[in-house]
Structure formats: structure tokens, C-alpha cells
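Structure file data35.txt (compact mmCIF, C-alpha atoms and all ligand atoms) is printed below.
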```
# COMPACT_ATOMS: atom_id res chain seq x y z
CA MET A 1 60.62 122.18 109.16
CA VAL A 2 62.00 118.78 110.09
CA LEU A 3 62.64 116.62 107.03
CA THR A 4 61.76 113.08 108.02
CA GLY A 5 63.21 110.10 106.17
CA THR A 6 59.69 109.10 105.10
CA PHE A 7 59.03 112.51 103.56
CA LYS A 8 62.36 112.42 101.71
CA ASP A 9 61.60 108.91 100.45
CA LEU A 10 58.14 109.98 99.28
CA LEU A 11 59.63 112.88 97.27
CA SER A 12 62.48 110.77 95.88
CA LYS A 13 60.07 108.03 94.82
CA ARG A 14 57.73 110.39 92.97
CA PHE A 15 60.28 112.87 91.56
CA GLY A 16 63.54 110.87 91.20
CA LYS A 17 66.32 113.05 89.79
CA LYS A 18 64.03 116.09 89.82
CA VAL A 19 64.51 116.41 93.59
CA ARG A 20 67.65 117.57 95.40
CA PHE A 21 68.29 117.92 99.13
CA ASP A 22 70.39 120.65 100.84
CA GLU A 23 70.77 122.42 97.53
CA PRO A 24 72.85 125.64 97.68
CA MET A 25 70.64 128.45 96.37
CA ALA A 26 73.76 130.35 95.26
CA ARG A 27 73.71 127.95 92.27
CA HIS A 28 70.23 129.16 91.30
CA THR A 29 70.32 132.96 91.70
CA ALA A 30 71.70 135.66 89.40
CA PHE A 31 73.41 137.15 92.49
CA ARG A 32 75.23 133.79 93.04
CA ILE A 33 74.30 134.20 96.71
CA GLY A 34 72.14 132.08 99.03
CA GLY A 35 72.33 129.31 101.62
CA PRO A 36 70.88 125.83 101.07
CA ALA A 37 67.25 124.95 100.44
CA ASP A 38 66.11 121.89 102.42
CA VAL A 39 64.64 120.53 99.20
CA LEU A 40 64.57 121.79 95.61
CA VAL A 41 62.17 120.19 93.14
CA SER A 42 62.34 120.91 89.40
CA PRO A 43 58.97 119.83 87.96
CA GLU A 44 58.81 118.99 84.27
CA THR A 45 55.04 118.81 83.77
CA VAL A 46 51.98 120.52 85.20
CA ASP A 47 51.00 117.13 86.68
CA ASP A 48 54.33 117.13 88.57
CA ILE A 49 53.32 120.44 90.16
CA VAL A 50 49.79 119.26 90.98
CA ASP A 51 51.14 116.06 92.61
CA LEU A 52 53.84 117.96 94.46
CA LEU A 53 51.38 120.46 95.99
CA ARG A 54 49.11 117.57 97.04
CA ILE A 55 52.03 115.85 98.77
CA LEU A 56 53.18 119.08 100.44
CA ASP A 57 49.65 119.85 101.60
CA GLY A 58 49.34 116.35 103.08
CA GLU A 59 52.67 116.73 104.89
CA LYS A 60 51.88 120.33 105.95
CA ALA A 61 55.23 121.28 104.41
CA GLY A 62 56.04 124.89 103.46
CA TRP A 63 57.11 125.83 99.93
CA PHE A 64 58.41 128.72 97.87
CA VAL A 65 58.27 129.00 94.06
CA MET A 66 61.12 130.59 92.14
CA GLY A 67 61.76 131.37 88.48
CA GLY A 68 65.26 132.11 87.21
CA GLY A 69 66.35 133.66 90.53
CA ALA A 70 67.08 136.96 88.74
CA ASN A 71 65.24 139.07 91.32
CA LEU A 72 66.02 137.12 94.49
CA LEU A 73 68.34 137.64 97.43
CA VAL A 74 68.35 134.38 99.40
CA ARG A 75 69.66 134.85 102.96
CA ASP A 76 72.70 132.90 104.15
CA GLY A 77 70.67 130.44 106.27
CA GLY A 78 68.91 129.19 103.13
CA ILE A 79 65.26 128.24 102.69
CA ARG A 80 63.37 125.88 105.00
CA GLY A 81 60.90 123.59 103.30
CA VAL A 82 60.63 123.01 99.56
CA VAL A 83 61.70 125.30 96.73
CA ILE A 84 59.77 124.64 93.52
CA ALA A 85 61.68 125.63 90.37
CA PRO A 86 59.68 125.16 87.13
CA SER A 87 62.69 126.27 85.06
CA PRO A 88 64.13 124.76 82.93
CA GLY A 89 61.77 121.73 82.81
CA LEU A 90 58.49 123.48 82.11
CA SER A 91 59.43 125.68 79.18
CA GLU A 92 57.27 124.98 76.13
CA ILE A 93 56.30 127.90 73.86
CA GLN A 94 53.34 127.46 71.50
CA VAL A 95 51.56 129.63 68.93
CA VAL A 96 47.86 129.80 69.88
CA GLU A 97 46.60 132.18 67.18
CA GLU A 98 48.18 133.72 64.07
CA LYS A 99 46.17 136.31 62.12
CA PRO A 100 47.39 139.10 59.80
CA GLU A 101 46.67 141.74 62.45
CA ARG A 102 47.25 139.85 65.72
CA ALA A 103 48.73 136.73 67.25
CA SER A 104 48.94 135.00 70.60
CA LEU A 105 51.42 132.70 72.30
CA LYS A 106 51.23 130.39 75.26
CA ALA A 107 54.45 130.01 77.23
CA GLN A 108 55.02 127.70 80.18
CA SER A 109 56.28 129.44 83.29
CA GLY A 110 59.81 128.04 83.16
CA ALA A 111 60.49 129.40 79.66
CA PHE A 112 62.98 132.28 79.70
CA LEU A 113 61.35 135.61 78.93
CA TRP A 114 64.22 136.43 76.59
CA ASP A 115 63.62 133.18 74.61
CA VAL A 116 59.89 133.93 74.36
CA SER A 117 60.70 137.44 73.14
CA ARG A 118 63.01 136.03 70.42
CA PHE A 119 60.50 133.32 69.48
CA ALA A 120 57.83 136.03 69.00
CA ALA A 121 60.11 138.37 67.05
CA GLY A 122 61.14 135.63 64.63
CA ARG A 123 57.49 135.06 63.68
CA GLY A 124 56.64 138.75 63.36
CA PHE A 125 54.67 138.85 66.65
CA ASP A 126 55.20 142.29 68.17
CA GLY A 127 54.88 143.51 71.78
CA LEU A 128 57.76 141.81 73.61
CA ALA A 129 60.70 143.86 72.31
CA PHE A 130 60.91 145.52 75.76
CA ALA A 131 61.93 142.11 77.16
CA ALA A 132 65.19 142.03 75.19
CA GLY A 133 67.87 141.29 77.77
CA ILE A 134 65.62 140.96 80.86
CA PRO A 135 66.79 137.79 82.61
CA GLY A 136 64.41 135.30 84.25
CA THR A 137 61.37 133.24 83.35
CA ILE A 138 57.82 133.89 82.23
CA GLY A 139 56.56 132.99 85.74
CA GLY A 140 58.86 135.52 87.39
CA ALA A 141 58.20 138.16 84.71
CA VAL A 142 54.43 137.84 85.18
CA MET A 143 54.62 138.05 88.99
CA MET A 144 57.08 140.98 88.90
CA ASN A 145 55.27 142.69 86.00
CA ALA A 146 58.77 142.90 84.52
CA GLY A 147 59.51 145.61 82.01
CA THR A 148 61.21 148.86 81.14
CA ALA A 149 60.08 152.36 80.21
CA GLU A 150 59.23 150.82 76.78
CA GLY A 151 56.62 148.34 78.08
CA ASP A 152 55.88 145.64 80.63
CA MET A 153 54.06 142.33 81.02
CA SER A 154 50.74 144.03 81.84
CA GLY A 155 50.66 145.26 78.22
CA VAL A 156 50.66 141.76 76.71
CA LEU A 157 49.24 139.30 79.24
CA ALA A 158 45.87 137.77 78.26
CA ASP A 159 45.41 135.01 80.84
CA LEU A 160 47.22 132.70 83.23
CA GLU A 161 47.04 129.08 84.23
CA ILE A 162 47.77 128.61 87.91
CA VAL A 163 48.12 125.68 90.28
CA CYS A 164 47.02 126.75 93.72
CA GLY A 165 46.34 125.52 97.23
CA PRO A 166 46.50 121.74 97.51
CA GLY A 167 47.05 121.15 93.79
CA GLU A 168 44.04 122.66 92.02
CA ARG A 169 44.28 124.02 88.47
CA LEU A 170 42.73 127.40 87.77
CA SER A 171 42.45 129.71 84.74
CA VAL A 172 42.64 133.41 85.50
CA ASP A 173 41.59 136.04 82.97
CA ARG A 174 43.53 139.32 82.84
CA LYS A 175 40.40 141.17 84.04
CA GLU A 176 40.95 139.48 87.42
CA LEU A 177 44.59 140.60 87.68
CA GLU A 178 45.76 143.75 89.46
CA PHE A 179 48.98 145.01 87.91
CA ALA A 180 51.12 147.76 89.43
CA TYR A 181 54.71 148.94 89.03
CA ARG A 182 56.83 145.73 89.20
CA SER A 183 54.06 143.76 90.89
CA LEU A 184 50.96 141.71 90.20
CA ARG A 185 48.22 140.71 92.58
CA LEU A 186 46.42 137.45 91.79
CA PRO A 187 42.78 136.97 92.83
CA PRO A 188 42.29 135.46 96.34
CA ASP A 189 41.24 132.04 94.98
CA ALA A 190 44.66 131.70 93.29
CA ALA A 191 46.37 131.42 96.67
CA GLY A 192 49.35 129.20 97.36
CA TYR A 193 50.85 128.62 100.77
CA GLU A 194 50.35 130.86 103.84
CA GLY A 195 48.62 133.62 101.87
CA ARG A 196 51.28 133.71 99.15
CA PRO A 197 50.26 133.44 95.49
CA GLY A 198 49.85 130.09 93.76
CA ILE A 199 52.17 128.79 91.05
CA VAL A 200 51.91 130.27 87.57
CA VAL A 201 52.29 127.34 85.15
CA SER A 202 51.64 129.14 81.86
CA ALA A 203 50.76 132.54 80.43
CA THR A 204 48.99 133.48 77.21
CA LEU A 205 50.34 136.64 75.62
CA GLN A 206 48.37 138.76 73.15
CA LEU A 207 50.61 140.35 70.51
CA SER A 208 50.30 142.47 67.37
CA ARG A 209 52.03 141.93 64.00
CA LYS A 210 55.06 143.62 62.48
CA LYS A 211 57.86 142.57 60.10
CA PRO A 212 60.40 140.39 61.96
CA GLU A 213 63.27 142.64 60.74
CA MET A 214 61.63 145.70 62.31
CA ILE A 215 61.13 143.94 65.65
CA GLY A 216 64.70 142.62 65.47
CA ARG A 217 66.09 146.14 64.94
CA GLU A 218 64.06 147.45 67.90
CA MET A 219 65.36 144.65 70.12
CA ASP A 220 68.96 145.34 69.05
CA ARG A 221 68.48 149.02 69.91
CA GLN A 222 67.10 148.21 73.36
CA LEU A 223 69.85 145.65 74.04
CA ALA A 224 72.55 148.15 73.06
CA GLU A 225 71.05 150.77 75.41
CA ARG A 226 70.90 148.20 78.21
CA LYS A 227 74.59 147.31 77.68
CA GLN A 228 75.53 150.96 77.82
CA ARG A 229 73.55 151.69 81.01
CA GLN A 230 73.87 148.52 83.05
CA PRO A 231 76.94 146.86 84.60
CA GLY A 232 77.92 143.22 84.07
CA GLY A 233 78.71 140.86 86.96
CA PHE A 234 76.49 139.04 89.44
CA SER A 235 73.52 141.11 90.60
CA ALA A 236 69.74 141.00 90.86
CA GLY A 237 69.26 143.96 88.52
CA SER A 238 67.88 147.19 89.98
CA PHE A 239 68.01 146.67 93.72
CA PHE A 240 65.51 149.36 94.78
CA ARG A 241 62.17 150.39 93.30
CA ASN A 242 62.10 153.81 91.70
CA PRO A 243 60.25 155.97 94.25
CA PRO A 244 57.12 157.83 93.08
CA ASP A 245 57.44 161.61 92.55
CA ALA A 246 61.21 161.59 93.07
CA PRO A 247 64.34 161.07 90.99
CA ALA A 248 65.17 157.46 90.06
CA ALA A 249 66.70 155.30 92.82
CA GLY A 250 70.07 155.15 91.00
CA GLU A 251 70.22 158.95 90.80
CA LEU A 252 69.44 159.28 94.55
CA ILE A 253 72.13 156.72 95.48
CA ASP A 254 74.64 158.50 93.24
CA ARG A 255 73.78 161.88 94.83
CA ALA A 256 74.38 160.32 98.27
CA GLY A 257 77.96 159.65 97.10
CA LEU A 258 77.67 155.87 97.31
CA LYS A 259 79.00 154.67 93.93
CA GLY A 260 81.77 152.19 94.68
CA PHE A 261 80.78 151.89 98.37
CA THR A 262 81.67 148.38 99.53
CA VAL A 263 80.63 146.02 102.34
CA GLY A 264 82.53 142.70 102.34
CA GLY A 265 82.22 141.32 98.81
CA ALA A 266 79.25 143.54 97.83
CA VAL A 267 79.70 146.86 96.06
CA VAL A 268 77.51 149.65 94.65
CA SER A 269 78.18 149.65 90.90
CA GLN A 270 80.20 152.57 89.53
CA LYS A 271 78.23 152.33 86.27
CA HIS A 272 74.67 152.29 87.66
CA ALA A 273 74.22 153.08 91.36
CA ASN A 274 70.99 151.07 91.69
CA PHE A 275 72.94 147.85 91.02
CA ILE A 276 74.59 146.04 93.92
CA ILE A 277 77.25 143.70 92.55
CA ASN A 278 78.52 140.51 94.16
CA ARG A 279 82.15 141.25 93.35
CA LYS A 280 84.00 138.85 95.65
CA ASN A 281 82.01 136.00 97.21
CA ALA A 282 79.60 138.36 98.94
CA SER A 283 77.28 136.90 101.54
CA ALA A 284 73.61 137.86 101.73
CA GLY A 285 74.60 139.47 105.06
CA ASP A 286 77.05 141.80 103.19
CA VAL A 287 74.31 142.81 100.74
CA LEU A 288 71.75 143.41 103.51
CA VAL A 289 74.17 145.61 105.51
CA LEU A 290 74.95 147.56 102.32
CA MET A 291 71.23 147.86 101.59
CA GLU A 292 70.57 149.43 105.02
CA ILE A 293 73.50 151.85 104.65
CA ILE A 294 72.16 152.96 101.25
CA ARG A 295 68.65 153.45 102.63
CA LYS A 296 69.95 155.50 105.60
CA ARG A 297 72.31 157.66 103.53
CA VAL A 298 69.73 158.33 100.79
CA ASN A 299 67.14 159.23 103.41
CA GLU A 300 69.58 161.66 105.08
CA ALA A 301 70.59 163.21 101.73
CA SER A 302 67.18 163.39 99.98
CA GLY A 303 64.46 162.56 102.54
CA VAL A 304 63.36 159.58 100.39
CA VAL A 305 62.87 156.10 101.85
CA LEU A 306 63.97 153.52 99.26
CA GLU A 307 62.18 150.17 99.17
CA PRO A 308 63.86 147.07 97.71
CA GLU A 309 62.57 145.72 94.39
CA VAL A 310 64.59 142.55 94.97
CA LYS A 311 62.70 139.89 96.95
CA VAL A 312 64.62 138.95 100.11
CA VAL A 313 63.78 135.39 101.18
CA GLY A 314 65.05 132.67 103.49
CA GLU A 315 66.61 132.53 106.94
CA PRO A 316 69.45 134.61 108.39
CA GLY A 317 72.83 132.81 108.49
C1 LIG B 1 71.14 141.99 85.06
C2 LIG B 1 69.67 142.11 85.39
C3 LIG B 1 68.88 143.02 84.71
C4 LIG B 1 67.51 143.14 85.00
N1 LIG B 1 66.75 144.05 84.30
C5 LIG B 1 65.43 144.14 84.57
C6 LIG B 1 64.60 145.03 83.81
O1 LIG B 1 65.03 145.72 82.90
N2 LIG B 1 63.27 145.08 84.12
C7 LIG B 1 62.72 144.31 85.11
O2 LIG B 1 61.50 144.39 85.35
N3 LIG B 1 63.49 143.45 85.84
C8 LIG B 1 64.81 143.35 85.58
N4 LIG B 1 65.59 142.49 86.33
C9 LIG B 1 64.98 141.70 87.42
C10 LIG B 1 64.47 140.33 86.95
O3 LIG B 1 65.03 140.00 85.71
C11 LIG B 1 62.94 140.33 86.83
O4 LIG B 1 62.31 140.68 88.04
C12 LIG B 1 62.44 138.94 86.39
O5 LIG B 1 61.11 139.06 85.96
C13 LIG B 1 62.54 137.91 87.49
O6 LIG B 1 62.19 136.66 86.92
P1 LIG B 1 62.67 135.29 87.57
O7 LIG B 1 62.07 134.20 86.78
O8 LIG B 1 64.14 135.28 87.73
O9 LIG B 1 61.94 135.36 89.00
P2 LIG B 1 62.58 135.10 90.47
O10 LIG B 1 63.60 136.15 90.73
O11 LIG B 1 63.00 133.69 90.56
O12 LIG B 1 61.30 135.36 91.36
C14 LIG B 1 60.72 136.65 91.46
C15 LIG B 1 59.36 136.56 92.17
O13 LIG B 1 58.45 135.87 91.31
C16 LIG B 1 57.89 134.74 91.98
N5 LIG B 1 57.74 133.66 90.97
C17 LIG B 1 58.67 133.23 90.08
N6 LIG B 1 58.17 132.26 89.30
C18 LIG B 1 56.88 132.08 89.70
C19 LIG B 1 55.83 131.22 89.29
N7 LIG B 1 55.99 130.33 88.29
N8 LIG B 1 54.64 131.31 89.92
C20 LIG B 1 54.45 132.21 90.93
N9 LIG B 1 55.41 133.04 91.37
C21 LIG B 1 56.61 132.99 90.76
C22 LIG B 1 58.92 134.37 93.07
O14 LIG B 1 58.29 133.69 94.14
C23 LIG B 1 59.42 135.75 93.47
O15 LIG B 1 58.52 136.34 94.38
C24 LIG B 1 66.95 142.35 86.03
C25 LIG B 1 67.76 141.41 86.72
C26 LIG B 1 69.10 141.29 86.40
C27 LIG B 1 69.93 140.25 87.12
```

As C-alpha cells - that is how I would like this structure written.
Ligand SMILES: Cc1cc2nc3c(=O)[nH]c(=O)nc-3n(C[C@H](O)[C@H](O)[C@H](O)COP(=O)(O)OP(=O)(O)OC[C@H]3O[C@@H](n4cnc5c(N)ncnc54)[C@H](O)[C@@H]3O)c2cc1C
Amino acid sequence: MVLTGTFKDLLSKRFGKKVRFDEPMARHTAFRIGGPADVLVSPETVDDIVDLLRILDGEKAGWFVMGGGANLLVRDGGIRGVVIAPSPGLSEIQVVEEKPERASLKAQSGAFLWDVSRFAAGRGFDGLAFAAGIPGTIGGAVMMNAGTAEGDMSGVLADLEIVCGPGERLSVDRKELEFAYRSLRLPPDAAGYEGRPGIVVSATLQLSRKKPEMIGREMDRQLAERKQRQPGGFSAGSFFRNPPDAPAAGELIDRAGLKGFTVGGAVVSQKHANFIINRKNASAGDVLVLMEIIRKRVNEASGVVLEPEVKVVGEPG
């Protein structure tokens, strides 16, 4: 996409400090990897998003929506067009219903899942303890159906508000959503750009009730387990999806003898083999070469083809 001066002026005039040009995506991903986005807009209201999609539709400009960047590998050439980042601007959390036996919350898509989980726990709203320690936003968590063996977003989501196509607002009930392991398919009328999904702007979560202390203890237990199992450092969490009817991806990578295997600045974690760590200024190229070596070696050792859970986006460097 060619960014004309007029287009830049139009965005600057409407969005002021909320728009940045040639923004390094490494600043916005948990991996700390990624070339520049032509434009990055951080909307602060739903109207900002509606206006932005109208402008982009009028200019025939491409866009990509991100959350906290916790599940993204942005290639070294960066992202052409406009990256829309509702976090941290769009992050309100509201109680919708509070009854002795149930409660519901509405969270805007830029709110951090971990904050929503703590907000719920503090009020005795149960059902989000699984989210303790999962990085990223509500928008990303919904679209990835984020979770653990203890639960996932499909267990609590009641409905979504979406901005789609050229800036239309749409409510989507959970009956219209197709959840699967670490994925969610929105109905066709909630489309965004070039067949991709529209932008989630808020989610209503249906929760049950429990004493805050009990939820707090459960969250502490899950956080402690996470600390014990998962490595620190810059990563995008589990790199590969766990394959069906086979041992977990980490187990397969370990069996292929790849713990500690390094390409450039990227290394397979010694603590959990399904984590690729950016140890020393890794490029996306390093991670992608390492990814292919892992896939080949695991396939040779176990006959399983691993598929990435991490979303790889952007242009090669
Ligand atoms: C240390 C670590 C541990 C992790 N542990 C777990 C875990 O236990 N369980 C788990 O499930 N995941 C885990 N992850 C992965 C990650 O936290 C989740 O996938 C998370 O839900 C991603 O949210 P995000 O906001 O960062 O989304 P991003 O990574 O920014 O985006 C992910 C996808 O969602 C889309 N998206 C984001 N926001 C919106 C929106 N508003 N509207 C429409 N589409 C949107 C993006 O286009 C992209 O396709 C871990 C990651 C790290 C770094």
C-alpha cells in the first residue's frame, strides 16, 4: 500500500496522537519481534473504530487488528496498511448483572484478560480463574478461545459487540459463534477486511458466584503451577498447537531432542519445549527457521505434523 500525504493527513486530523507512522511492531509484541507497521492507530472509543473503518473503506486501505500481541509473530518486513490496536484505550470493565447465584460483566476488547479475571474474582464472580496469568486482551482471548485445561473463553462468553466491514456495529449472540480448540469462527456477517473477522469491541461474560477468597486461592494455585511449568523471557507462549490424538507438542519437541536448540537469537526453552524464546535480539526470520526445523525433526521422530498456534503476520524482511 502506498501511503499518500493526503491519507496520512486525514488520519492525523481525525486521530491526532492516537496515530503513529512506521511504528516498530517489536514494541507491541510479547516476543519483542517485528518490523514496522505503516500505520498504527490506538482507538479510545467505539466511535473511533467506526470512523476509522469508514475512512479505511473509503481509501481501500488494508488493516489488521491486534490485541496485546501475546500470540503474534510479526515478520521482519513489518505490516503494510493499518494496524488497529484497541489496547490500552478501549479497556472499560462494567458489571451488567449481580445476583446471588450468577453475575455478568461487560469488558471492552482492549482490557487485559488478567485484569478482567482479577476484577471478577474481587467481586466473587467465578469462572475466569483459568485466565490467571494468561497475557493479552479480551479481544485476543475471545478470538483465540484462550484457556488452559481448567477452562477457556467458550465457557463464559455470552455475546459480543463487533464493528465490521465499513464501520457497522453488530451484536452477536454466543449461539452464532463456533468455538474450537484455540479458535473462534464469527458468523459471515461479522466480516472485516478481505474475509478476515471484524473487530471485537466488547464481550459480555456470564459467570457464577463464589466467595472471593476461594476464587483467589484457586487463581494463586493456577499461577504457581504456571510459574513452575513455563519459562520467563520474551515469547508468544506455546508456539505449536497440541496435536489431536498424540502427545502434547512440548513432549514431542523434547523427544526430538530439541530443548536448547538455537537459531540466531531464538532458542527452544529448556524448561518447556513448546516455548520459543527470543533470547538475544532474535529476528522473525530466526524464529521461522527454527519453527521449520522443529516441524521437520518432530515429523521424522514421531510422524506428527505440528501446526503453529502463534499467528504469523506481515511481510518477509
Ligand atoms: C507467556 C505466555 C503465556 C501464554 N499462555 C497461554 C495460555 O495459557 N493459554 C492460551 O490460550 N494462550 C496463552 N498464551 C497466548 C496468548 O496469551 C493468547 O493467545 C491471548 O489470548 C492473545 O491475546 P492478545 O490480545 O495478545 O491477542 P494478539 O496476539 O494480539 O492477537 C491474536 C489474534 O486475535 C486477533 N484479535 C486480537 N484482538 C482482536 C479484536 N479486538 N478483534 C478481532 N480480532 C482480534 C488478532 O488479529 C490475532 O489473529 C500465552 C502467551 C504468552 C506470551

Per residue of chain A within 6 Å of ligand LIG 1 (chain B), note the shortest atom pair and the distance in Å to one decimal, counting only C-alpha atoms and all ligand atoms, and order the rows by chain and increasing residue number, as JSON lines.
```
{"residue": "A:Ala30", "atom": "CA", "partner": "B:LIG1", "partner_atom": "C27", "distance": 5.4}
{"residue": "A:Val65", "atom": "CA", "partner": "B:LIG1", "partner_atom": "O14", "distance": 4.7}
{"residue": "A:Met66", "atom": "CA", "partner": "B:LIG1", "partner_atom": "O11", "distance": 4.0}
{"residue": "A:Gly67", "atom": "CA", "partner": "B:LIG1", "partner_atom": "O7", "distance": 3.3}
{"residue": "A:Gly68", "atom": "CA", "partner": "B:LIG1", "partner_atom": "O8", "distance": 3.4}
{"residue": "A:Gly69", "atom": "CA", "partner": "B:LIG1", "partner_atom": "O11", "distance": 3.4}
{"residue": "A:Ala70", "atom": "CA", "partner": "B:LIG1", "partner_atom": "O8", "distance": 3.5}
{"residue": "A:Asn71", "atom": "CA", "partner": "B:LIG1", "partner_atom": "O10", "distance": 3.4}
{"residue": "A:Leu72", "atom": "CA", "partner": "B:LIG1", "partner_atom": "O10", "distance": 4.6}
{"residue": "A:Ser109", "atom": "CA", "partner": "B:LIG1", "partner_atom": "N7", "distance": 5.1}
{"residue": "A:Ile134", "atom": "CA", "partner": "B:LIG1", "partner_atom": "N1", "distance": 4.8}
{"residue": "A:Pro135", "atom": "CA", "partner": "B:LIG1", "partner_atom": "O3", "distance": 4.2}
{"residue": "A:Gly136", "atom": "CA", "partner": "B:LIG1", "partner_atom": "O8", "distance": 3.5}
{"residue": "A:Thr137", "atom": "CA", "partner": "B:LIG1", "partner_atom": "O7", "distance": 3.6}
{"residue": "A:Gly139", "atom": "CA", "partner": "B:LIG1", "partner_atom": "N7", "distance": 3.7}
{"residue": "A:Gly140", "atom": "CA", "partner": "B:LIG1", "partner_atom": "O9", "distance": 3.5}
{"residue": "A:Ala141", "atom": "CA", "partner": "B:LIG1", "partner_atom": "O5", "distance": 3.3}
{"residue": "A:Met143", "atom": "CA", "partner": "B:LIG1", "partner_atom": "O13", "distance": 5.0}
{"residue": "A:Met144", "atom": "CA", "partner": "B:LIG1", "partner_atom": "O4", "distance": 5.3}
{"residue": "A:Ala146", "atom": "CA", "partner": "B:LIG1", "partner_atom": "O2", "distance": 3.2}
{"residue": "A:Gly147", "atom": "CA", "partner": "B:LIG1", "partner_atom": "O2", "distance": 4.1}
{"residue": "A:Thr148", "atom": "CA", "partner": "B:LIG1", "partner_atom": "N2", "distance": 5.2}
{"residue": "A:Gly198", "atom": "CA", "partner": "B:LIG1", "partner_atom": "C20", "distance": 5.8}
{"residue": "A:Ile199", "atom": "CA", "partner": "B:LIG1", "partner_atom": "N8", "distance": 3.7}
{"residue": "A:Val200", "atom": "CA", "partner": "B:LIG1", "partner_atom": "N8", "distance": 3.7}
{"residue": "A:Val201", "atom": "CA", "partner": "B:LIG1", "partner_atom": "N7", "distance": 5.7}
{"residue": "A:Ser235", "atom": "CA", "partner": "B:LIG1", "partner_atom": "C27", "distance": 5.1}
{"residue": "A:Ala236", "atom": "CA", "partner": "B:LIG1", "partner_atom": "C27", "distance": 3.8}
{"residue": "A:Gly237", "atom": "CA", "partner": "B:LIG1", "partner_atom": "C26", "distance": 3.4}
```

Report task. Please provide the set of residues having any atom within 7 Å of Asp76 in chain A, restricted to only C-alpha atoms, with same-chain residues fewer than 6 positions apart removed, written as an NGL selection string. Result -> :A and (34-35 or 283-285 or 315-317)

Fewer than 5 positions away in the same chain doesn't count, so skip those; otherwise give me all residues within 7 Å of range 298-305 of chain A, counting all atoms listed in the file, as a short mmCIF file (atom, residue, chain, number, x, y, z; two decimals) with C-alpha atoms, keeping the file's coordinate frame.
```cif
data_model
loop_
_atom_site.label_atom_id
_atom_site.label_comp_id
_atom_site.auth_asym_id
_atom_site.auth_seq_id
_atom_site.Cartn_x
_atom_site.Cartn_y
_atom_site.Cartn_z
CA LEU A 252 69.44 159.28 94.55
CA ILE A 253 72.13 156.72 95.48
CA ALA A 256 74.38 160.32 98.27
#
```

**Report entry** Ser202 in chain A surroundings by all atoms listed in the file, 7 Å radius, close-in-sequence under 2 positions cut, as an NGL selection string
**Finding:** :A and (106-109 or 160-161 or 200 or 204)

Requested in this report: Give me, please, the distance in Å between CA of Glu178 in chain A and CA of Pro197 in chain A, quoted to one decimal.
Outcome: 12.8 Å

Report task. Work out how far CA of Glu218 in chain A is from CA of Asp159 in chain A, in Å to one decimal. Result -> 25.9 Å

Report task. Mind listing whatever residues come within 12 Å of the point (57.4, 113.8, 99.0)? Use all atoms listed in the file, file coordinates, and give them as a PyMOL selection string. Result -> chain A and resi 3-16+18-21+39-41+48-49+51-61+81-82

Requested in this report: Pull the neighbourhood of (51.6, 126.6, 71.2) for me: all residues within 9 Å in file coordinates, counting all atoms listed in the file, as an MDAnalysis selection string.
Outcome: chainID A and resid 92:97 104:107

Query - Neighbour list for range 169-173 of chain A as an MDAnalysis selection string, cut-off 9 Å, all atoms listed in the file, skip fewer than 4 positions in-chain - result: chainID A and resid 50 158:164 177 186:187 189:190

**Report entry** Residue neighbourhood Val313 in chain A, 7 Å, all atoms listed in the file, exclusion window fewer than 6 positions, as a PyMOL selection string
**Finding:** chain A and resi 73-75

Residue selection dump (C-alpha atoms) as a PDB file, in the coordinates of the input:
```
ATOM      1  CA  LEU A  73      68.340 137.640  97.430  1.00  0.00           C
ATOM      2  CA  VAL A  74      68.350 134.380  99.400  1.00  0.00           C
ATOM      3  CA  ARG A  75      69.660 134.850 102.960  1.00  0.00           C
TER       4      ARG A  75
END
```

Query raised in the report: Looking at only C-alpha atoms, which of A:Ile79, A:Val156, A:Val46, A:Ala249 is the one that sits closest to His272 in chain A?
Result: A:Ala249

Query raised in the report: Could you work out how far CA of Ala266 in chain A lies from CA of Arg279 in chain A, giving the answer in Å with one decimal?
Result: 5.8 Å

Query raised in the report: Smallest atom-to-atom distance to Asn145 in chain A: which of A:Asn281, A:Ser117, A:Ser183, A:Thr29, using only C-alpha atoms?
Result: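 Nearest to Asn145 in chain A: A:Ser183.
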
Query raised in the report: In terms of the shortest atom-to-atom distance over all atoms listed in the file, which of A:Ala85, A:Ala203, A:Ala273, A:Met219 is closest to Ala132 in chain A?
Result: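 Nearest to Ala132 in chain A: A:Met219.
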